[in-house]
>>> print(open('work.cif').read())   # mmCIF, C-alpha atoms
data_target
#
loop_
_atom_site.label_atom_id
_atom_site.label_comp_id
_atom_site.auth_asym_id
_atom_site.auth_seq_id
_atom_site.Cartn_x
_atom_site.Cartn_y
_atom_site.Cartn_z
CA MET A 1 -61.74 44.39 97.59
CA LEU A 2 -63.67 41.87 99.68
CA ASP A 3 -67.15 40.44 99.10
CA GLU A 4 -68.40 41.60 102.52
CA PRO A 5 -70.66 44.36 103.99
CA PHE A 6 -67.56 46.51 103.66
CA ARG A 7 -64.87 47.05 101.04
CA VAL A 8 -61.13 47.03 101.56
CA TRP A 9 -58.36 48.53 99.43
CA ILE A 10 -54.77 47.34 100.01
CA PHE A 11 -51.92 49.15 98.28
CA ASN A 12 -48.20 49.90 98.37
CA ASN A 13 -47.56 53.30 99.95
CA GLY A 14 -43.85 53.61 99.19
CA HIS A 15 -43.97 55.15 95.70
CA ARG A 16 -43.29 58.87 95.39
CA PHE A 17 -46.36 61.00 94.83
CA GLU A 18 -46.87 63.41 91.94
CA ALA A 19 -47.55 67.13 92.18
CA ALA A 20 -51.07 66.52 90.83
CA GLU A 21 -51.75 64.14 93.74
CA PHE A 22 -50.44 66.64 96.28
CA ALA A 23 -52.82 69.23 94.83
CA ILE A 24 -55.79 67.02 95.73
CA LEU A 25 -55.12 67.54 99.45
CA SER A 26 -56.59 70.40 101.42
CA GLU A 27 -54.29 73.25 102.42
CA GLU A 28 -54.27 71.93 105.97
CA GLU A 29 -53.29 68.43 104.82
CA GLN A 30 -50.52 69.85 102.65
CA GLN A 31 -49.13 71.83 105.59
CA HIS A 32 -49.32 68.76 107.81
CA SER A 33 -47.36 66.69 105.29
CA VAL A 34 -44.61 69.33 105.14
CA ARG A 35 -44.22 69.15 108.91
CA LEU A 36 -43.60 65.40 108.94
CA ARG A 37 -40.08 64.40 109.92
CA THR A 38 -39.00 62.30 106.96
CA GLU A 39 -39.66 62.03 103.25
CA ALA A 40 -40.86 58.46 103.80
CA ASP A 41 -43.47 59.63 106.34
CA ARG A 42 -44.56 62.36 103.95
CA THR A 43 -44.95 59.88 101.09
CA VAL A 44 -47.05 57.50 103.19
CA PHE A 45 -49.33 60.27 104.43
CA VAL A 46 -49.89 61.86 101.02
CA ARG A 47 -50.43 58.60 99.13
CA THR A 48 -52.81 57.26 101.77
CA ARG A 49 -54.84 60.46 102.14
CA VAL A 50 -55.09 60.93 98.38
CA ALA A 51 -56.30 57.34 97.99
CA LEU A 52 -58.86 57.90 100.74
CA ARG A 53 -60.15 61.06 99.06
CA ARG A 54 -60.45 59.29 95.71
CA ILE A 55 -62.26 56.28 97.14
CA ILE A 56 -64.78 58.40 99.05
CA ALA A 57 -65.25 60.80 96.12
CA ASP A 58 -66.04 57.88 93.82
CA SER A 59 -68.58 56.58 96.36
CA ILE A 60 -70.50 59.85 96.80
CA GLY A 61 -70.02 61.40 93.37
CA VAL A 62 -67.87 64.45 94.09
CA SER A 63 -64.36 65.60 93.25
CA PRO A 64 -61.63 64.20 95.55
CA ARG A 65 -60.60 67.78 96.37
CA ASP A 66 -64.16 68.53 97.57
CA VAL A 67 -64.27 65.80 100.24
CA VAL A 68 -64.42 67.43 103.69
CA PHE A 69 -63.02 65.81 106.84
CA ARG A 70 -63.18 66.65 110.51
CA ARG A 71 -62.21 64.73 113.64
CA ASN A 72 -64.65 63.82 116.40
CA GLU A 73 -63.90 64.35 120.08
CA TRP A 74 -61.86 61.12 120.16
CA GLY A 75 -59.78 62.02 117.11
CA LYS A 76 -61.54 59.77 114.60
CA LEU A 77 -61.59 61.13 111.04
CA VAL A 78 -65.16 61.46 109.70
CA LEU A 79 -66.90 63.09 106.75
CA ALA A 80 -68.25 66.60 107.27
CA GLY A 81 -69.90 69.52 105.54
CA ALA A 82 -71.62 68.88 102.24
CA THR A 83 -69.97 65.44 101.98
CA ALA A 84 -71.33 64.12 105.32
CA SER A 85 -73.16 60.85 104.66
CA ASP A 86 -73.74 57.34 105.98
CA ILE A 87 -70.32 56.30 104.69
CA GLU A 88 -68.00 55.04 107.41
CA PHE A 89 -64.31 54.49 106.73
CA SER A 90 -61.11 53.53 108.46
CA VAL A 91 -57.45 53.79 107.47
CA SER A 92 -54.28 52.08 108.63
CA HIS A 93 -50.74 51.97 107.35
CA ALA A 94 -47.40 50.39 108.09
CA LYS A 95 -44.10 50.83 106.30
CA GLY A 96 -44.75 49.71 102.73
CA LEU A 97 -48.48 49.04 102.98
CA SER A 98 -51.72 51.00 103.47
CA VAL A 99 -55.27 49.69 103.94
CA ILE A 100 -58.56 51.56 103.61
CA ALA A 101 -61.91 50.05 104.66
CA LEU A 102 -65.25 51.60 103.68
CA ALA A 103 -68.85 50.69 104.56
CA HIS A 104 -72.31 52.18 103.99
CA GLY A 105 -74.50 52.40 107.06
CA ARG A 106 -72.16 50.31 109.22
CA CYS A 107 -69.32 51.29 111.50
CA VAL A 108 -65.98 49.87 110.40
CA GLY A 109 -62.42 49.82 111.67
CA VAL A 110 -59.22 48.42 110.19
CA ASP A 111 -55.68 48.02 111.46
CA ILE A 112 -52.48 46.48 110.13
CA GLU A 113 -48.98 46.04 111.50
CA ARG A 114 -45.69 44.81 110.13
CA HIS A 115 -44.58 41.62 111.88
CA ARG A 116 -41.83 42.50 114.34
CA ALA A 117 -40.58 41.74 117.84
CA PHE A 118 -42.27 43.22 120.94
CA PRO A 119 -40.11 42.59 124.04
CA ASP A 120 -42.82 43.98 126.37
CA LYS A 121 -45.77 42.24 124.74
CA LEU A 122 -47.01 40.32 127.80
CA ARG A 123 -47.24 43.47 129.92
CA ILE A 124 -48.94 45.37 127.10
CA ALA A 125 -51.40 42.52 126.55
CA ALA A 126 -52.26 42.47 130.27
CA ASP A 127 -52.70 46.26 130.35
CA VAL A 128 -54.84 46.51 127.21
CA PHE A 129 -56.73 43.20 127.13
CA GLY A 130 -56.52 41.95 130.72
CA ALA A 131 -54.24 39.73 132.81
CA ASP A 132 -56.33 36.64 132.02
CA VAL A 133 -55.78 37.27 128.29
CA ALA A 134 -51.99 37.43 128.71
CA VAL A 135 -51.94 33.91 130.21
CA PRO A 136 -52.64 31.94 126.99
CA LEU A 137 -50.26 34.25 125.14
CA SER A 138 -47.46 33.44 127.59
CA ALA A 139 -48.19 29.72 127.17
CA VAL A 140 -47.26 29.55 123.47
CA ASP A 141 -43.74 29.20 122.12
CA ASP A 142 -41.62 32.34 122.12
CA ASP A 143 -41.22 32.30 118.34
CA VAL A 144 -44.98 32.82 117.79
CA GLN A 145 -45.78 35.13 120.72
CA ASP A 146 -45.00 38.26 118.71
CA TYR A 147 -47.22 37.09 115.85
CA LEU A 148 -50.16 36.33 118.15
CA PHE A 149 -49.68 39.58 120.04
CA LEU A 150 -49.88 41.53 116.78
CA GLN A 151 -52.99 39.57 115.82
CA MET A 152 -54.59 40.64 119.10
CA TRP A 153 -53.35 44.21 118.81
CA THR A 154 -54.67 44.74 115.27
CA ALA A 155 -58.02 43.20 116.24
CA GLY A 156 -58.23 45.51 119.26
CA GLU A 157 -57.17 48.58 117.29
CA ALA A 158 -59.69 47.82 114.53
CA PHE A 159 -62.41 47.44 117.19
CA VAL A 160 -61.78 50.79 118.89
CA LYS A 161 -61.56 52.48 115.50
CA ALA A 162 -64.94 51.01 114.55
CA ARG A 163 -66.38 52.30 117.83
CA GLY A 164 -65.01 55.73 116.96
CA THR A 165 -63.41 56.30 120.35
CA GLY A 166 -59.91 54.87 120.22
CA PHE A 167 -58.37 53.14 123.23
CA ALA A 168 -58.87 56.27 125.33
CA GLY A 169 -62.65 55.90 125.14
CA MET A 170 -62.90 52.29 126.26
CA ASN A 171 -63.22 52.85 130.04
CA GLY A 172 -61.90 49.35 130.57
CA LYS A 173 -60.16 46.53 128.79
CA VAL A 174 -60.52 45.96 125.06
CA PRO A 175 -62.68 42.78 124.64
CA VAL A 176 -60.15 40.81 122.59
CA SER A 177 -58.76 37.47 123.71
CA LEU A 178 -57.17 34.25 122.45
CA SER A 179 -59.02 30.97 122.14
CA ARG A 180 -57.94 28.19 124.48
CA LEU A 181 -56.82 25.10 122.61
CA ARG A 182 -58.11 21.63 123.47
CA PRO A 183 -55.66 18.69 123.71
CA SER A 184 -56.86 17.44 120.32
CA GLN A 185 -55.72 20.74 118.80
CA SER A 186 -52.10 20.29 119.82
CA GLY A 187 -49.78 21.97 117.34
CA GLU A 188 -52.35 24.58 116.27
CA LEU A 189 -52.20 28.24 117.23
CA PRO A 190 -54.93 30.01 119.21
CA HIS A 191 -57.12 32.37 117.24
CA VAL A 192 -58.28 35.86 118.12
CA ILE A 193 -61.76 36.36 119.59
CA LEU A 194 -63.76 39.60 119.85
CA ASN A 195 -66.55 39.38 122.42
CA ASP A 196 -68.05 42.68 123.56
CA ARG A 197 -70.56 41.80 126.29
CA ARG A 198 -71.25 45.26 127.70
CA PRO A 199 -74.95 46.22 128.02
CA GLY A 200 -76.32 48.08 125.02
CA THR A 201 -73.49 47.13 122.66
CA ILE A 202 -74.14 46.33 119.02
CA GLY A 203 -73.18 43.15 117.22
CA TRP A 204 -69.58 43.14 116.06
CA THR A 205 -67.88 40.96 113.46
CA LEU A 206 -64.11 40.44 113.37
CA LYS A 207 -62.43 39.46 110.09
CA HIS A 208 -58.80 38.53 109.51
CA LEU A 209 -57.24 40.37 106.56
CA SER A 210 -55.33 38.50 103.88
CA LEU A 211 -52.19 40.61 103.53
CA PRO A 212 -48.75 40.28 101.90
CA SER A 213 -46.16 38.26 103.78
CA GLY A 214 -44.79 40.10 106.80
CA PHE A 215 -48.01 41.94 107.68
CA VAL A 216 -50.93 41.10 109.97
CA GLY A 217 -54.27 42.86 110.24
CA HIS A 218 -57.98 42.77 111.00
CA VAL A 219 -61.16 44.59 110.10
CA VAL A 220 -64.14 44.97 112.45
CA PHE A 221 -67.64 46.05 111.44
CA GLY A 222 -71.00 46.39 113.15
CA GLU A 223 -74.39 48.06 113.03
CA LEU A 224 -74.23 51.84 112.99
CA PRO A 225 -75.66 53.59 116.09
CA LEU A 226 -78.36 56.15 115.27
CA THR A 227 -76.41 58.91 117.03
CA ARG A 228 -73.19 58.30 115.11
CA HIS A 229 -73.58 61.19 112.67
CA GLN A 230 -74.65 63.87 115.12
CA PRO A 231 -72.26 66.85 114.85
CA SER A 232 -69.62 67.04 117.55
CA ARG A 233 -69.07 70.15 119.61
CA HIS A 234 -65.41 69.23 120.01
CA GLU A 235 -64.11 69.13 116.46
CA MET A 236 -60.38 68.92 115.75
CA PRO A 237 -58.44 69.79 112.58
CA ALA A 238 -58.60 66.89 110.17
CA SER A 239 -54.85 66.37 109.89
CA VAL A 240 -53.94 66.26 113.58
CA GLY A 241 -54.40 63.64 116.25
CA ARG A 242 -53.21 60.08 116.53
CA ALA A 243 -51.36 58.50 113.63
CA LEU A 244 -53.46 56.36 111.33
CA SER A 245 -51.59 53.17 112.08
#
>>> encode(input="work.cif", output="structure tokens")
Amino acid sequence: MLDEPFRVWIFNNGHRFEAAEFAILSEEEQQHSVRLRTEADRTVFVRTRVALRRIIADSIGVSPRDVVFRRNEWGKLVLAGATASDIEFSVSHAKGLSVIALAHGRCVGVDIERHRAFPDKLRIAADVFGADVAVPLSAVDDDVQDYLFLQMWTAGEAFVKARGTGFAGMNGKVPVSLSRLRPSQSGELPHVILNDRRPGTIGWTLKHLSLPSGFVGHVVFGELPLTRHQPSRHEMPASVGRALS
């Protein structure tokens, strides 16, 4: 866990789950896990969702089985029913690793990725962050472009998760960019910047996650809008929607 206005749990998600863990899930979550294509996907989902239920249950003083989830109109998982509270949480996973972030009275988003090659990274960066953001990315050596792209991507994903809308609700480019290096900083890598300048936005803080070798990730947190916990008229089943990672 981190000494911040939020807490983060990082854990291996590759170990097989026990029957007692599976029983913690709701009937809908159990059915969703059965429909997953591979045993590995099933293991990741069950272990991550069970951990999430236990963490939230410990925070609000209920049984993990009694935690109630729903999805808002953008697909974000939120607390509902008798367990609805000012707790905000976010979940991300990659092969071998899961991360859960939790905050009280603040919106929070987290995202991790395993370091890997992205042949189309410059086009994706231009589409998601803007053509001007892709320029400094294209200027760095090829062997670090994938790493920097994933830094930007996880920062952007964490931001839209914290907003509760996902990329679909941005109505524009995600406000993530790379710093421009001065001549005196030759040999250093650019760092990721989050700068949301839209009118009426709240203050956001971007933090780099310290993860095992081979993974990159970020967490974003900010003040919680007063309307955040109003019930949605467009609720979705808690186990469907976009993948957590």
>>> closest_atom_pairs(input="work.cif", of="region 13-107 of chain A", to="region 165-171 of chain A", cutoff="9 Å", atoms="only C-alpha atoms", output="tab-separated table")
residue	atom	partner	partner_atom	distance
A:Asn72	CA	A:Thr165	CA	8.6
A:Glu73	CA	A:Thr165	CA	8.1
A:Trp74	CA	A:Thr165	CA	5.1
A:Gly75	CA	A:Thr165	CA	7.5
A:Lys76	CA	A:Thr165	CA	7.0
>>> resolve_selection(input="work.cif", expression="the PyMOL selection byres ((chain A and resi 121-129) around 10)", output="PyMOL selection string")
chain A and resi 117-120+130-135+137-138+145-146+148-150+152-153+156+167+170+172-177
>>> write_last_selection(input="work.cif", atoms="C-alpha atoms", output="PDB file, in the coordinates of the input")
ATOM      1  CA  ALA A 117     -40.580  41.740 117.840  1.00  0.00           C
ATOM      2  CA  PHE A 118     -42.270  43.220 120.940  1.00  0.00           C
ATOM      3  CA  PRO A 119     -40.110  42.590 124.040  1.00  0.00           C
ATOM      4  CA  ASP A 120     -42.820  43.980 126.370  1.00  0.00           C
ATOM      5  CA  GLY A 130     -56.520  41.950 130.720  1.00  0.00           C
ATOM      6  CA  ALA A 131     -54.240  39.730 132.810  1.00  0.00           C
ATOM      7  CA  ASP A 132     -56.330  36.640 132.020  1.00  0.00           C
ATOM      8  CA  VAL A 133     -55.780  37.270 128.290  1.00  0.00           C
ATOM      9  CA  ALA A 134     -51.990  37.430 128.710  1.00  0.00           C
ATOM     10  CA  VAL A 135     -51.940  33.910 130.210  1.00  0.00           C
ATOM     11  CA  LEU A 137     -50.260  34.250 125.140  1.00  0.00           C
ATOM     12  CA  SER A 138     -47.460  33.440 127.590  1.00  0.00           C
ATOM     13  CA  GLN A 145     -45.780  35.130 120.720  1.00  0.00           C
ATOM     14  CA  ASP A 146     -45.000  38.260 118.710  1.00  0.00           C
ATOM     15  CA  LEU A 148     -50.160  36.330 118.150  1.00  0.00           C
ATOM     16  CA  PHE A 149     -49.680  39.580 120.040  1.00  0.00           C
ATOM     17  CA  LEU A 150     -49.880  41.530 116.780  1.00  0.00           C
ATOM     18  CA  MET A 152     -54.590  40.640 119.100  1.00  0.00           C
ATOM     19  CA  TRP A 153     -53.350  44.210 118.810  1.00  0.00           C
ATOM     20  CA  GLY A 156     -58.230  45.510 119.260  1.00  0.00           C
ATOM     21  CA  PHE A 167     -58.370  53.140 123.230  1.00  0.00           C
ATOM     22  CA  MET A 170     -62.900  52.290 126.260  1.00  0.00           C
ATOM     23  CA  GLY A 172     -61.900  49.350 130.570  1.00  0.00           C
ATOM     24  CA  LYS A 173     -60.160  46.530 128.790  1.00  0.00           C
ATOM     25  CA  VAL A 174     -60.520  45.960 125.060  1.00  0.00           C
ATOM     26  CA  PRO A 175     -62.680  42.780 124.640  1.00  0.00           C
ATOM     27  CA  VAL A 176     -60.150  40.810 122.590  1.00  0.00           C
ATOM     28  CA  SER A 177     -58.760  37.470 123.710  1.00  0.00           C
TER      29      SER A 177
END
>>> atom_distance(input="work.cif", atom1="CA of Gln151 (chain A)", atom2="CA of Thr205 (chain A)")
15.1 Å
>>> residues_around(input="work.cif", residues="Arg54 (chain A)", least_positions_apart="5", cutoff="12 Å", atoms="all atoms listed in the file", output="ChimeraX atom specification")
/A:9,21,24-25,47-49,59-67,100
>>> atom_distance(input="work.cif", atom1="CA of Arg106 (chain A)", atom2="CA of Arg197 (chain A)")
19.1 Å
>>> closest_residue(input="work.cif", among="A:His115, A:Lys207, A:Lys161, A:His104", to="Phe6 (chain A)", atoms="only C-alpha atoms")
A:His104
>>> atom_distance(input="work.cif", atom1="CA of Val216 (chain A)", atom2="CA of Ala155 (chain A)")
9.7 Å
